[in-house]
Structures are given as C-alpha cells and as structure tokens.
Amino acid sequence: MNPDPVGLICRKIRESRRIAITSHLRPDGDSVCASLALAMMGERLGKAMSIVNKDNTPLPFCHFPEAGRIRIGQIDPAESDMVILLECADVSRSGQENLGDCFKINIDHHYSNFAYADINWINPLASAVGEMIFELGKRLGAPILAQAADYLYCAIVSDTGSFQFSNTTAKAFETCTKLVGLGASPINVSEMLYSNNLPEKIKLLGQVLSTLRMNGRGNIAAITMFKKNLSDLNLKEIDTEDITTLARSIKGVEMVLFFKEMEKDTFRVSLRSKGRANAALIAEHFGGGGHIHASGFTAYGPYEKLIVEIPKTVERLLTAAAPKSPAS
C-alpha cells in the first residue's frame with residue numbers, strides 16, 4: 001500500500017470534475033453521514049458530487065437534512081470521473097454492478113478489506129469512516145461548514161454507539177471536539193439520532209424484545225425481527241441499533257445475536273458484544289466480519305434450526321476463546 005494514500009486521494013479529487021460516492025448495502029449512520037459530508041466538502045471545491053446507494057437510507061437518517069440528495073440505484077460510469085466507495089470490503093459489498101472500468105477509491109476503517117481499488121485507504125484504527133473523511137477534508141483544504149461538521153460528528157457518534165463500543169478512541173473524542181469547534185451541535189445530533197422515533201418503531205421494539213432468548217449461562221442473548229413485524233407496522237427501512245443496545249444492557253450478557261429476516265430462510269445476524277467477547281471473531285467463523293464489539297454475518301436455513309444451532313456455536317466459540325484460569 002502507498003505510504004500516503006490520503007495524498008493520492010486528494011490529488012485525484014482535485015483532478016476530477018464529477019465524483020460519485022457510494023457505500024455498503026444496508027447503509028448505516030456512519031456511511032450515510034460521511035457520504036453527505038464528503039459531498040458537501042467536494043462541492044465547496046467546485047466539484048459535481050453525487051451519492052448513489054443500492055439500498056434505501058434507513059430511519060432516522062432518511063429524514064436528515066440533505067438525505068434526499070441520496071439517489072437509490074446504480075451508478076452510471078459515463079457520468080463520473082471516479083467513484084469513492086465507503087466501507088466496502090469489495091465492490092460487491094456496494095451492490096453497484098457497473099464499476100468495472102471506473103477509477104475507484106476505497107476508504108474503509110474495517111481491517112477485513114480486500115484493497116481492490118486504484119487507491120486504497122484502510123485504517124482499522126479509525127473509529128468511523130466519518131473520522132477518516134474529516135482527515136481527508138483537512139488535507140484537501142476543503143471548508144467544513146457547520147452542517148458538514150454535524151454529519152461527521154453524527155457519523156462518529158453513530159458508529160461508536162454513542163461512545164460505548166470498542167472503536168471509541170482518544171482520536172474519536174479529539175475529532176469530535178474539533179467538529180464542535182467547527183459548528184457541530186451535539187444537542188442537534190442527539191435530537192436527530194434519538195428523538196425521531198415513530199410510534200410504530202416503539203411498537204416494533206416491544207415485538208422484537210418479546211422474542212428474547214437466553215442461553216443457560218446467561219451470557220448470550222438472541223432477539224429476532226421477522227419481515228412480518230415490519231410489514232404489519234408498515235415499516236420498511238429502519239435503524240435498529242437501539243434495540244440491540246437494550247438487549248446488550250442485560251446484566252451478564254457478553255454477546256447479543258440479532259436475527260433479522262431478509263428473505264425466507266435468510267437472516268442477517270448482527271452481533272454486539274462487550275468486555276472480552278470478540279464479535280468479529282464470531283462473525284468471521286460464519287463468513288462475516290466487522291469490529292470487536294460490532295459485527296455481523298448472513299445465515300441461511302430454517303429459523304427454528306438457526307435460532308438453536310447458532311447460539312450453541314457462539315457459546316462454544318466464546319468458551320474456547322476465553323482466557324484460561326491459571327492452574328491452582
């Protein structure tokens with residue numbers, strides 16, 4: 001990898017006129033907010049910026065100012081000089097199907113990345129891709145106005161679980177302090193993130209929590225959201241991080257498994273852990289990946305089988321990974 005990928009990215013941005021931004025399937029607060037901030041910074045430099053994602057923007061982020069500029073669909077290579085992919089381990093993770101000949105820039109803070117692009121900037125030490133975009137903006141000399149600062153602050157708060165996850169670092173706090181100095185409002189961001197729930201979302205929370213299952217040791221909790229839960233409440237795209245956080249708050253729980261039905265016999269399993277429990281290690285066992293305390297994977301099969309077998313496997317893996325007590 002080039003010792004200064006940020007410098008190369010800055011040069012390419014300055015040389016380009018039309019820049020497309022995309023992020024991973026099922027975009028989250030970090031990727032959505034970082035995309036919006038990056039687009040605003042590029043426009044301050046006179047660039048034509050577009051944001052195109054394969055999947056819809058979830059609640060509450062779809063109601064944020066500027067969220068309407070995110071187009072859902074496929075990038076047309078003829079309309080852009082290059083494409084910036086945020087938090088995509090490979091091109092397929094973006095869901096974009098026409099990027100074969102495009103000049104690609106890959107920016108990611110997950111270590112599970114295949115460095116597939118023309119320029120790759122992968123920094124697993126960064127708390128969020130929003131933190132990386134802030135650094136990029138400084139290097140570019142792009143003005144970061146108050147609204148862009150709000151989005152970058154929100155990206156970091158969202159991806160660190162309000163500074164509760166293992167990716168919370170001194171650099172994350174330092175960056176947020178600088179963003180507040182540039183006009184970011186922690187109060188406004190908290191309002192946008194946590195005070196925009198629909199009544200249907202609260203009903204959904206109750207339905208999902210009613211599926212709670214615990215293992216015998218009480219260190220693994222499993223909750224489930226079926227497609228029917230969403231359709232009955234007329235919900236489509238929704239942020240569910242707070243539901244997982246509630247299950248994670250149970251005393252003694254080290255790992256939460258959140259089963260989300262995507263299609264028949266297909267479940268996205270989000271993992272949230274605390275303490276020494278390594279969610280990334282568990283996710284990798286099932287073909288997924290992510291952070292130590294926030295990861296995920298996709299599981300296939302009948303729900304009745306998965307909800308029994310996966311927690312058993314997770315318990316075995318946690319037991320095997322636990323530090324051994326010294327012999328007495």
# chains A, B, ... in the order shown; residues from 1 in each chain; ligands from 1

$ closest_atom_pairs --of "region 98-144 of chain A" --to "region 26-31 of chain A" --cutoff "10 Å" --atoms "only C-alpha atoms" --output "tab-separated table"
residue	atom	partner	partner_atom	distance
A:Asp108	CA	A:Ser31	CA	9.8
A:Ser127	CA	A:Asp30	CA	10.0
A:Ala128	CA	A:Asp30	CA	6.5
A:Val129	CA	A:Asp30	CA	6.5
A:Gly130	CA	A:Asp30	CA	6.2
A:Glu131	CA	A:Asp30	CA	9.4

$ write_last_selection --atoms "N, CA and C atoms" --output "compact mmCIF listing (two decimals), in the first residue's frame"
# COMPACT_ATOMS: atom_id res chain seq x y z
N ASP A 108 -12.00 2.85 4.04
CA ASP A 108 -12.64 1.92 4.98
C ASP A 108 -11.88 1.91 6.30
N SER A 127 -12.06 5.35 14.29
CA SER A 127 -13.31 4.97 14.97
C SER A 127 -14.46 4.79 13.97
N ALA A 128 -14.43 5.54 12.88
CA ALA A 128 -15.52 5.55 11.91
C ALA A 128 -14.98 6.09 10.60
N VAL A 129 -15.67 5.81 9.51
CA VAL A 129 -15.24 6.39 8.25
C VAL A 129 -15.44 7.91 8.27
N GLY A 130 -16.37 8.37 9.11
CA GLY A 130 -16.54 9.80 9.29
C GLY A 130 -15.28 10.48 9.82
N GLU A 131 -14.57 9.79 10.70
CA GLU A 131 -13.29 10.33 11.20
C GLU A 131 -12.28 10.44 10.07

$ residues_around --residues "region 2-13 of chain A" --least-positions-apart "5" --cutoff "7 Å" --atoms "only C-alpha atoms" --output "short mmCIF file (atom, residue, chain, number, x, y, z; two decimals) with C-alpha atoms, in the first residue's frame"
data_model
loop_
_atom_site.label_atom_id
_atom_site.label_comp_id
_atom_site.auth_asym_id
_atom_site.auth_seq_id
_atom_site.Cartn_x
_atom_site.Cartn_y
_atom_site.Cartn_z
CA ILE A 119 -6.31 3.85 -4.41
CA ASN A 120 -6.93 2.11 -1.09
CA TRP A 121 -7.04 3.89 2.27
CA LEU A 136 -9.38 13.92 4.19
CA LEU A 140 -7.84 18.77 0.86
#

$ closest_residue --among "A:Val180, A:Leu317, A:Ile21, A:Ala67" --to "Ser94 (chain A)" --atoms "only C-alpha atoms"
A:Ile21

$ select_by_dssp --residues "region 202-314 of chain A" --states "helix (DSSP H, G or I)" --output "PyMOL selection string"
chain A and resi 202-209+227-232+241-248+279-285+303-314

$ closest_residue --among "A:Tyr151, A:Phe258, A:Phe286, A:Phe267" --to "Tyr303 (chain A)" --atoms "only C-alpha atoms"
A:Phe267

$ closest_residue --among "A:Val189, A:Cys154, A:Ala320, A:Ile250" --to "Gly218 (chain A)" --atoms "only C-alpha atoms"
A:Ile250

$ closest_residue --among "A:Lys264, A:Gly287, A:Gly68, A:Ala20" --to "Val52 (chain A)" --atoms "only C-alpha atoms"
A:Ala20

$ residues_around --residues "Ser35 (chain A)" --least-positions-apart "6" --cutoff "12 Å" --atoms "only C-alpha atoms" --output "count of residues only"
40

$ select_by_dssp --residues "region 211-304 of chain A" --states "strand (DSSP E)" --output "count of residues only"
34

$ residues_around --residues "Val308 (chain A)" --least-positions-apart "5" --cutoff "12 Å" --atoms "only C-alpha atoms" --output "list in words"
Arg213, Met214, Asn215, Ala221, Ala222, Leu257, Phe259, Gly301, Pro302, Tyr303, Thr313, Val314 and Glu315 of chain A

$ closest_residue --among "A:Leu212, A:Leu204, A:Ala48, A:Ala146" --to "Gly183 (chain A)" --atoms "only C-alpha atoms"
A:Ala146

$ atom_distance --atom1 "CA of Lys138 (chain A)" --atom2 "CA of Pro186 (chain A)"
20.9 Å

$ residues_around --residues "Pro60 (chain A)" --least-positions-apart "3" --cutoff "8 Å" --atoms "only C-alpha atoms" --output "ChimeraX atom specification"
/A:63-64,192-193,196-197,238-239

$ residues_around --residues "Arg217 (chain A)" --least-positions-apart "4" --cutoff "12 Å" --atoms "only C-alpha atoms" --output "PyMOL selection string"
chain A and resi 213+221+251-255+311-312+315-316+318-319

$ write_last_selection --atoms "N, CA and C atoms" --output "PDB file, in the first residue's frame"
ATOM      1  N   ARG A 213     -34.308 -14.642  23.829  1.00  0.00           N
ATOM      2  CA  ARG A 213     -33.912 -15.962  24.305  1.00  0.00           C
ATOM      3  C   ARG A 213     -32.548 -15.833  24.950  1.00  0.00           C
ATOM      4  N   ALA A 221     -27.585 -13.493  24.498  1.00  0.00           N
ATOM      5  CA  ALA A 221     -28.985 -13.137  24.268  1.00  0.00           C
ATOM      6  C   ALA A 221     -29.247 -13.146  22.771  1.00  0.00           C
ATOM      7  N   LYS A 251     -27.688  -7.581  32.394  1.00  0.00           N
ATOM      8  CA  LYS A 251     -26.569  -7.950  33.257  1.00  0.00           C
ATOM      9  C   LYS A 251     -26.087  -9.360  32.929  1.00  0.00           C
ATOM     10  N   GLY A 252     -24.774  -9.485  32.747  1.00  0.00           N
ATOM     11  CA  GLY A 252     -24.177 -10.790  32.478  1.00  0.00           C
ATOM     12  C   GLY A 252     -24.059 -11.138  31.011  1.00  0.00           C
ATOM     13  N   VAL A 253     -24.773 -10.409  30.139  1.00  0.00           N
ATOM     14  CA  VAL A 253     -24.730 -10.715  28.706  1.00  0.00           C
ATOM     15  C   VAL A 253     -23.414 -10.229  28.104  1.00  0.00           C
ATOM     16  N   GLU A 254     -22.731 -11.121  27.422  1.00  0.00           N
ATOM     17  CA  GLU A 254     -21.491 -10.785  26.725  1.00  0.00           C
ATOM     18  C   GLU A 254     -21.716 -10.600  25.225  1.00  0.00           C
ATOM     19  N   MET A 255     -22.722 -11.299  24.686  1.00  0.00           N
ATOM     20  CA  MET A 255     -22.944 -11.288  23.240  1.00  0.00           C
ATOM     21  C   MET A 255     -24.438 -11.270  22.942  1.00  0.00           C
ATOM     22  N   PRO A 311     -26.651 -19.975  18.392  1.00  0.00           N
ATOM     23  CA  PRO A 311     -26.233 -19.638  19.756  1.00  0.00           C
ATOM     24  C   PRO A 311     -25.364 -20.716  20.404  1.00  0.00           C
ATOM     25  N   LYS A 312     -25.636 -21.986  20.108  1.00  0.00           N
ATOM     26  CA  LYS A 312     -24.800 -23.058  20.652  1.00  0.00           C
ATOM     27  C   LYS A 312     -23.370 -22.942  20.137  1.00  0.00           C
ATOM     28  N   GLU A 315     -21.677 -19.976  21.793  1.00  0.00           N
ATOM     29  CA  GLU A 315     -21.270 -20.303  23.166  1.00  0.00           C
ATOM     30  C   GLU A 315     -19.987 -21.130  23.174  1.00  0.00           C
ATOM     31  N   ARG A 316     -19.901 -22.077  22.255  1.00  0.00           N
ATOM     32  CA  ARG A 316     -18.685 -22.896  22.170  1.00  0.00           C
ATOM     33  C   ARG A 316     -17.480 -22.051  21.798  1.00  0.00           C
ATOM     34  N   LEU A 318     -17.075 -18.778  22.243  1.00  0.00           N
ATOM     35  CA  LEU A 318     -16.735 -17.871  23.348  1.00  0.00           C
ATOM     36  C   LEU A 318     -15.990 -18.609  24.442  1.00  0.00           C
ATOM     37  N   THR A 319     -16.430 -19.834  24.732  1.00  0.00           N
ATOM     38  CA  THR A 319     -15.761 -20.631  25.761  1.00  0.00           C
ATOM     39  C   THR A 319     -14.332 -20.954  25.354  1.00  0.00           C
TER      40      THR A 319
END
